$ cat protein_10.pdb   # PDB, C-alpha atoms
MODEL        1
ATOM      1  CA  MET A   1     106.389 -48.311   4.514
ATOM      2  CA  PRO A   2     103.948 -51.264   4.816
ATOM      3  CA  PRO A   3     104.666 -53.822   7.560
ATOM      4  CA  ARG A   4     106.569 -56.976   6.679
ATOM      5  CA  ILE A   5     104.127 -59.880   6.631
ATOM      6  CA  THR A   6     105.792 -63.044   7.879
ATOM      7  CA  ILE A   7     104.457 -66.594   7.883
ATOM      8  CA  SER A   8     103.957 -66.292  11.645
ATOM      9  CA  LYS A   9     101.817 -63.177  11.232
ATOM     10  CA  GLU A  10      99.779 -64.855   8.512
ATOM     11  CA  ASN A  11      99.141 -67.833  10.783
ATOM     12  CA  TYR A  12      97.917 -65.641  13.629
ATOM     13  CA  LEU A  13      95.617 -63.613  11.376
ATOM     14  CA  LYS A  14      94.181 -66.754   9.800
ATOM     15  CA  ALA A  15      93.652 -68.347  13.221
ATOM     16  CA  ILE A  16      91.660 -65.306  14.359
ATOM     17  CA  ALA A  17      89.448 -65.535  11.275
ATOM     18  CA  GLU A  18      88.981 -69.302  11.667
ATOM     19  CA  ALA A  19      88.137 -69.064  15.368
ATOM     20  CA  GLU A  20      85.592 -66.335  14.603
ATOM     21  CA  SER A  21      84.076 -68.613  11.975
ATOM     22  CA  GLU A  22      83.624 -71.284  14.645
ATOM     23  CA  GLY A  23      81.684 -68.782  16.754
ATOM     24  CA  GLU A  24      84.446 -68.153  19.284
ATOM     25  CA  THR A  25      85.261 -64.864  21.006
ATOM     26  CA  VAL A  26      88.941 -64.584  20.179
ATOM     27  CA  LYS A  27      91.395 -63.748  22.954
ATOM     28  CA  ALA A  28      95.045 -64.532  23.603
ATOM     29  CA  VAL A  29      94.170 -67.868  25.198
ATOM     30  CA  THR A  30      92.162 -68.774  22.085
ATOM     31  CA  LEU A  31      95.204 -68.293  19.851
ATOM     32  CA  ALA A  32      97.421 -70.276  22.206
ATOM     33  CA  ARG A  33      94.958 -73.175  21.945
ATOM     34  CA  TRP A  34      94.409 -72.933  18.188
ATOM     35  CA  LEU A  35      98.077 -72.571  17.265
ATOM     36  CA  HIS A  36      99.556 -74.754  20.057
ATOM     37  CA  VAL A  37     101.949 -72.019  21.184
ATOM     38  CA  SER A  38     102.859 -70.594  24.583
ATOM     39  CA  ALA A  39     101.153 -67.635  26.227
ATOM     40  CA  PRO A  40     104.324 -65.474  26.049
ATOM     41  CA  ALA A  41     104.623 -66.176  22.309
ATOM     42  CA  VAL A  42     101.015 -65.088  21.786
ATOM     43  CA  THR A  43     101.590 -61.911  23.819
ATOM     44  CA  MET A  44     104.536 -60.935  21.619
ATOM     45  CA  ALA A  45     102.626 -61.728  18.439
ATOM     46  CA  ILE A  46      99.664 -59.612  19.535
ATOM     47  CA  LYS A  47     101.990 -56.674  20.186
ATOM     48  CA  ARG A  48     103.469 -56.953  16.679
ATOM     49  CA  LEU A  49     100.098 -57.344  14.979
ATOM     50  CA  ARG A  50      98.664 -54.393  16.895
ATOM     51  CA  ARG A  51     101.716 -52.282  16.059
ATOM     52  CA  ASP A  52     101.235 -53.101  12.372
ATOM     53  CA  ALA A  53      97.525 -52.145  12.549
ATOM     54  CA  LEU A  54      96.447 -55.664  11.588
ATOM     55  CA  ILE A  55      94.336 -56.328  14.696
ATOM     56  CA  ARG A  56      92.390 -54.420  17.323
ATOM     57  CA  VAL A  57      92.401 -55.289  21.021
ATOM     58  CA  ALA A  58      89.280 -54.450  23.044
ATOM     59  CA  GLY A  59      89.214 -53.630  26.744
ATOM     60  CA  GLU A  60      88.476 -57.209  27.765
ATOM     61  CA  GLY A  61      91.206 -58.584  25.530
ATOM     62  CA  GLN A  62      88.990 -59.517  22.588
ATOM     63  CA  LEU A  63      90.915 -59.578  19.312
ATOM     64  CA  THR A  64      89.417 -58.539  15.979
ATOM     65  CA  LEU A  65      90.947 -58.050  12.552
ATOM     66  CA  THR A  66      91.334 -54.638  10.967
ATOM     67  CA  PRO A  67      90.442 -54.358   7.255
ATOM     68  CA  SER A  68      94.122 -54.899   6.394
ATOM     69  CA  GLY A  69      94.335 -57.915   8.684
ATOM     70  CA  ARG A  70      91.121 -59.338   7.283
ATOM     71  CA  GLU A  71      92.430 -58.980   3.732
ATOM     72  CA  ILE A  72      95.544 -60.997   4.568
ATOM     73  CA  ALA A  73      93.554 -63.661   6.437
ATOM     74  CA  ASN A  74      91.039 -63.999   3.614
ATOM     75  CA  ARG A  75      93.787 -64.336   1.021
ATOM     76  CA  LEU A  76      95.403 -67.128   3.024
ATOM     77  CA  LEU A  77      92.083 -68.878   3.670
ATOM     78  CA  ASN A  78      91.274 -68.795  -0.035
ATOM     79  CA  ARG A  79      94.658 -70.260  -0.962
ATOM     80  CA  HIS A  80      94.310 -72.947   1.694
ATOM     81  CA  HIS A  81      90.880 -73.840   0.280
ATOM     82  CA  LEU A  82      92.209 -74.046  -3.286
ATOM     83  CA  ILE A  83      95.186 -76.192  -2.272
ATOM     84  CA  GLU A  84      92.932 -78.628  -0.420
ATOM     85  CA  ARG A  85      90.762 -78.964  -3.510
ATOM     86  CA  MET A  86      93.805 -79.345  -5.771
ATOM     87  CA  LEU A  87      95.223 -82.120  -3.597
ATOM     88  CA  ALA A  88      91.912 -83.986  -3.467
ATOM     89  CA  GLU A  89      90.476 -83.352  -6.928
ATOM     90  CA  ILE A  90      93.634 -83.422  -9.052
ATOM     91  CA  PHE A  91      96.030 -85.621  -7.071
ATOM     92  CA  GLY A  92      93.514 -87.838  -5.271
ATOM     93  CA  LEU A  93      94.923 -87.331  -1.779
ATOM     94  CA  GLU A  94      92.648 -88.689   0.950
ATOM     95  CA  TRP A  95      90.218 -86.085   2.291
ATOM     96  CA  TYR A  96      91.461 -86.414   5.875
ATOM     97  CA  LYS A  97      95.065 -85.608   4.843
ATOM     98  CA  VAL A  98      94.604 -82.497   2.706
ATOM     99  CA  HIS A  99      94.264 -79.948   5.530
ATOM    100  CA  ASP A 100      97.690 -80.635   7.019
ATOM    101  CA  GLU A 101      99.311 -80.547   3.572
ATOM    102  CA  ALA A 102      97.586 -77.271   2.714
ATOM    103  CA  GLU A 103      98.803 -75.730   5.971
ATOM    104  CA  GLN A 104     102.359 -76.213   4.720
ATOM    105  CA  LEU A 105     101.802 -75.150   1.111
ATOM    106  CA  GLU A 106      99.504 -72.141   1.511
ATOM    107  CA  HIS A 107     102.329 -69.707   2.293
ATOM    108  CA  ALA A 108     104.239 -70.588  -0.882
ATOM    109  CA  VAL A 109     101.427 -70.017  -3.394
ATOM    110  CA  SER A 110     101.990 -67.041  -5.686
ATOM    111  CA  ALA A 111      99.211 -64.860  -7.068
ATOM    112  CA  ASP A 112      99.835 -66.332 -10.532
ATOM    113  CA  PHE A 113      99.505 -69.909  -9.298
ATOM    114  CA  GLU A 114      96.389 -68.973  -7.350
ATOM    115  CA  CYS A 115      94.823 -67.680 -10.582
ATOM    116  CA  LYS A 116      95.713 -70.941 -12.333
ATOM    117  CA  LEU A 117      94.071 -72.937  -9.560
ATOM    118  CA  ILE A 118      90.915 -70.844  -9.856
ATOM    119  CA  GLU A 119      90.897 -71.369 -13.628
ATOM    120  CA  ARG A 120      91.216 -75.134 -13.150
ATOM    121  CA  LEU A 121      88.958 -75.634 -10.126
ATOM    122  CA  GLY A 122      86.470 -72.764 -10.259
ATOM    123  CA  VAL A 123      85.191 -70.853  -7.260
ATOM    124  CA  GLU A 124      82.425 -71.056  -4.648
ATOM    125  CA  THR A 125      82.756 -74.778  -4.060
ATOM    126  CA  GLU A 126      83.186 -76.537  -0.712
ATOM    127  CA  CYS A 127      86.519 -78.038   0.271
ATOM    128  CA  PRO A 128      86.911 -81.826   0.758
ATOM    129  CA  HIS A 129      85.664 -81.390   4.343
ATOM    130  CA  GLY A 130      82.491 -79.696   3.094
ATOM    131  CA  ASN A 131      83.464 -76.289   4.439
ATOM    132  CA  ARG A 132      82.979 -72.991   2.616
ATOM    133  CA  VAL A 133      85.853 -70.584   2.186
ATOM    134  CA  GLY A 134      85.746 -67.513   4.426
ATOM    135  CA  MET A 135      83.349 -66.702   7.239
ATOM    136  CA  ASP A 136      80.746 -69.399   7.839
ATOM    137  CA  SER A 137      79.676 -69.255  11.474
ATOM    138  CA  PRO A 138      77.507 -71.771  13.340
ATOM    139  CA  SER A 139      74.586 -69.339  13.037
ATOM    140  CA  ASP A 140      75.170 -69.150   9.267
ATOM    141  CA  ARG A 141      75.052 -72.954   9.043
ATOM    142  CA  ARG A 142      71.894 -73.137  11.118
ATOM    143  CA  GLY A 143      70.397 -70.505   8.833
ATOM    144  CA  ARG A 144      70.906 -72.957   5.945
ATOM    145  CA  GLY A 145      69.074 -75.670   7.867
ATOM    146  CA  LEU A 146      72.146 -77.496   9.181
ATOM    147  CA  LYS A 147      72.783 -78.716  12.725
ATOM    148  CA  PRO A 148      75.515 -80.606  14.611
ATOM    149  CA  LEU A 149      75.134 -84.367  14.425
ATOM    150  CA  ASP A 150      74.991 -84.660  18.224
ATOM    151  CA  GLU A 151      71.568 -82.960  18.035
ATOM    152  CA  GLY A 152      70.184 -85.819  15.942
ATOM    153  CA  VAL A 153      67.252 -87.851  17.249
ATOM    154  CA  ALA A 154      66.619 -91.571  17.002
ATOM    155  CA  GLY A 155      64.992 -92.566  13.730
ATOM    156  CA  GLU A 156      66.198 -89.466  11.888
ATOM    157  CA  CYS A 157      67.958 -89.693   8.529
ATOM    158  CA  VAL A 158      70.615 -87.051   7.875
ATOM    159  CA  ALA A 159      73.325 -86.268   5.341
ATOM    160  CA  VAL A 160      76.809 -85.196   6.389
ATOM    161  CA  VAL A 161      77.539 -81.746   4.959
ATOM    162  CA  SER A 162      80.749 -80.578   6.657
ATOM    163  CA  VAL A 163      83.309 -81.551   9.285
ATOM    164  CA  PHE A 164      85.665 -79.533  11.496
ATOM    165  CA  GLU A 165      88.945 -79.911   9.642
ATOM    166  CA  ARG A 166      91.665 -78.719  12.047
ATOM    167  CA  ASP A 167      91.895 -82.013  13.944
ATOM    168  CA  ARG A 168      93.649 -84.789  12.003
ATOM    169  CA  LYS A 169      92.844 -87.432  14.622
ATOM    170  CA  LEU A 170      89.163 -86.523  14.425
ATOM    171  CA  LEU A 171      89.183 -86.771  10.627
ATOM    172  CA  GLU A 172      90.890 -90.173  10.672
ATOM    173  CA  TYR A 173      88.455 -91.370  13.356
ATOM    174  CA  LEU A 174      85.461 -90.297  11.275
ATOM    175  CA  ASP A 175      86.898 -91.793   8.091
ATOM    176  CA  GLY A 176      87.401 -95.102   9.858
ATOM    177  CA  LEU A 177      83.673 -95.112  10.685
ATOM    178  CA  GLY A 178      82.729 -94.202   7.124
ATOM    179  CA  ILE A 179      81.528 -90.727   8.152
ATOM    180  CA  ARG A 180      82.530 -88.035   5.640
ATOM    181  CA  PRO A 181      80.837 -85.264   3.629
ATOM    182  CA  GLY A 182      78.134 -86.583   1.337
ATOM    183  CA  VAL A 183      77.432 -89.742   3.378
ATOM    184  CA  GLU A 184      73.852 -90.398   4.498
ATOM    185  CA  LEU A 185      73.298 -91.643   8.040
ATOM    186  CA  GLU A 186      70.416 -93.005  10.064
ATOM    187  CA  VAL A 187      70.442 -92.120  13.760
ATOM    188  CA  VAL A 188      69.659 -95.365  15.591
ATOM    189  CA  GLY A 189      70.319 -94.404  19.213
ATOM    190  CA  THR A 190      71.300 -91.310  21.185
ATOM    191  CA  GLU A 191      72.442 -92.456  24.609
ATOM    192  CA  ALA A 192      75.880 -91.401  25.920
ATOM    193  CA  ASP A 193      77.229 -91.733  22.367
ATOM    194  CA  LEU A 194      75.446 -91.902  19.008
ATOM    195  CA  GLU A 195      74.613 -95.175  17.327
ATOM    196  CA  LEU A 196      74.464 -94.651  13.579
ATOM    197  CA  ARG A 197      73.806 -96.747  10.502
ATOM    198  CA  ALA A 198      76.026 -95.851   7.559
ATOM    199  CA  ALA A 199      76.397 -97.758   4.295
ATOM    200  CA  GLY A 200      74.705-100.822   5.712
ATOM    201  CA  ARG A 201      76.710-101.086   8.935
ATOM    202  CA  THR A 202      76.103 -99.828  12.459
ATOM    203  CA  VAL A 203      78.776 -97.706  14.134
ATOM    204  CA  VAL A 204      79.082 -95.858  17.436
ATOM    205  CA  LEU A 205      80.273 -92.253  17.314
ATOM    206  CA  GLU A 206      81.498 -90.394  20.388
ATOM    207  CA  ARG A 207      79.215 -87.455  21.176
ATOM    208  CA  ALA A 208      82.109 -84.990  21.343
ATOM    209  CA  ALA A 209      83.106 -85.950  17.813
ATOM    210  CA  ALA A 210      79.491 -85.784  16.635
ATOM    211  CA  SER A 211      79.356 -82.134  17.716
ATOM    212  CA  LYS A 212      82.034 -81.394  15.085
ATOM    213  CA  VAL A 213      79.962 -82.844  12.234
ATOM    214  CA  TRP A 214      77.295 -80.693  10.557
ATOM    215  CA  VAL A 215      74.374 -82.443   8.909
ATOM    216  CA  ALA A 216      71.182 -81.709   7.015
ATOM    217  CA  ALA A 217      67.919 -83.599   7.218
ATOM    218  CA  GLY A 218      67.396 -86.156   4.482
ATOM    219  CA  GLU A 219      69.509 -86.114   1.345
ATOM    220  CA  ASP A 220      72.695 -84.112   0.965
ATOM    221  CA  PRO A 221      71.582 -80.589  -0.061
ATOM    222  CA  ARG A 222      74.580 -80.381  -2.440
ATOM    223  CA  SER A 223      73.289 -83.307  -4.514
ATOM    224  CA  ASP A 224      71.183 -81.084  -6.779
ATOM    225  CA  ARG A 225      74.122 -78.908  -7.858
TER     226      ARG A 225
ENDMDL
END

$ encode --input "protein_10.pdb" --output "structure tokens"
Amino acid sequence: MPPRITISKENYLKAIAEAESEGETVKAVTLARWLHVSAPAVTMAIKRLRRDALIRVAGEGQLTLTPSGREIANRLLNRHHLIERMLAEIFGLEWYKVHDEAEQLEHAVSADFECKLIERLGVETECPHGNRVGMDSPSDRRGRGLKPLDEGVAGECVAVVSVFERDRKLLEYLDGLGIRPGVELEVVGTEADLELRAAGRTVVLERAAASKVWVAAGEDPRSDR
């Protein structure tokens, strides 16, 4: 009899996949930080996921997904991606709000509704934060010629391609500065923080936040699609 897949299990499996995509080595402490849960709760969840053959635990505590666990995580990530696009493209919800809404709705999407969303929205398109569905590690992004904004140099012109989406305060902060996917920026100064020129105004972006923004040199590489 296959294991019962609860919302809690789905969240843990998706968090492992997302943390891997950010280049992290996933351990119990990683999940506690990503999901904002206690260490004992993570320990119990790991036991259940391991029992159900959804994860593997290495000698040093590193967690990886089994093929079955990966399938569940990928299904949830795809539905999350489609819901974000639906909220932004069909209902016009602000880009910095769609992640939190999708987190709530992704567990309720049926296979039939998922197919309807694909028919309406298509596939292989970035979400409102510029992120691709599925695995897209920092090395993958660098392989496409992208880099974090905090690596920009004075005088450089860049285009914002994607933003880390799991931090609502970060997204609202960036939106308030006019920094979002598709926006072109000029790096004016790179002292403790970054001084940027965007849409005719100069703004100062904290370096920690800049490290969560991926950019490409010159024009947005998506503009020729």

$ residues_around --input "protein_10.pdb" --residues "Ile72 of chain A" --least-positions-apart "6" --cutoff "8 Å" --atoms "only C-alpha atoms" --output "mmCIF file with C-alpha atoms, in the coordinates of the input"
data_model
loop_
_atom_site.group_PDB
_atom_site.id
_atom_site.type_symbol
_atom_site.label_atom_id
_atom_site.label_comp_id
_atom_site.auth_asym_id
_atom_site.auth_seq_id
_atom_site.Cartn_x
_atom_site.Cartn_y
_atom_site.Cartn_z
ATOM 1 C CA GLU A 10 99.779 -64.855 8.512
ATOM 2 C CA LEU A 13 95.617 -63.613 11.376
ATOM 3 C CA LYS A 14 94.181 -66.754 9.800
#

$ residues_around --input "protein_10.pdb" --residues "Leu177 of chain A" --least-positions-apart "5" --cutoff "9 Å" --atoms "all atoms listed in the file" --output "list in words"
Glu172, Ala198, Val203, Val204 and Leu205 of chain A

$ residues_near_point --input "protein_10.pdb" --point "(92.2, -55.8, 23.8)" --cutoff "12 Å" --atoms "all atoms listed in the file" --output "number ranges by chain"
A: 25-28, 43, 46-47, 49-50, 55-65

$ resolve_selection --input "protein_10.pdb" --expression "the PyMOL selection byres ((chain A and resi 12) around 9)" --output "short mmCIF file (atom, residue, chain, number, x, y, z; two decimals) with C-alpha atoms, in the frame of the given file"
data_model
loop_
_atom_site.label_atom_id
_atom_site.label_comp_id
_atom_site.auth_asym_id
_atom_site.auth_seq_id
_atom_site.Cartn_x
_atom_site.Cartn_y
_atom_site.Cartn_z
CA ILE A 7 104.46 -66.59 7.88
CA SER A 8 103.96 -66.29 11.64
CA LYS A 9 101.82 -63.18 11.23
CA GLU A 10 99.78 -64.86 8.51
CA ASN A 11 99.14 -67.83 10.78
CA LEU A 13 95.62 -63.61 11.38
CA LYS A 14 94.18 -66.75 9.80
CA ALA A 15 93.65 -68.35 13.22
CA ILE A 16 91.66 -65.31 14.36
CA ALA A 17 89.45 -65.54 11.28
CA LEU A 31 95.20 -68.29 19.85
CA LEU A 35 98.08 -72.57 17.26
CA VAL A 42 101.02 -65.09 21.79
CA ALA A 45 102.63 -61.73 18.44
CA ILE A 46 99.66 -59.61 19.54
CA LEU A 49 100.10 -57.34 14.98
CA ALA A 73 93.55 -63.66 6.44
#

$ atom_distance --input "protein_10.pdb" --atom1 "atom CA of Glu84 of chain A" --atom2 "atom CA of Glu119 of chain A"
15.2 Å
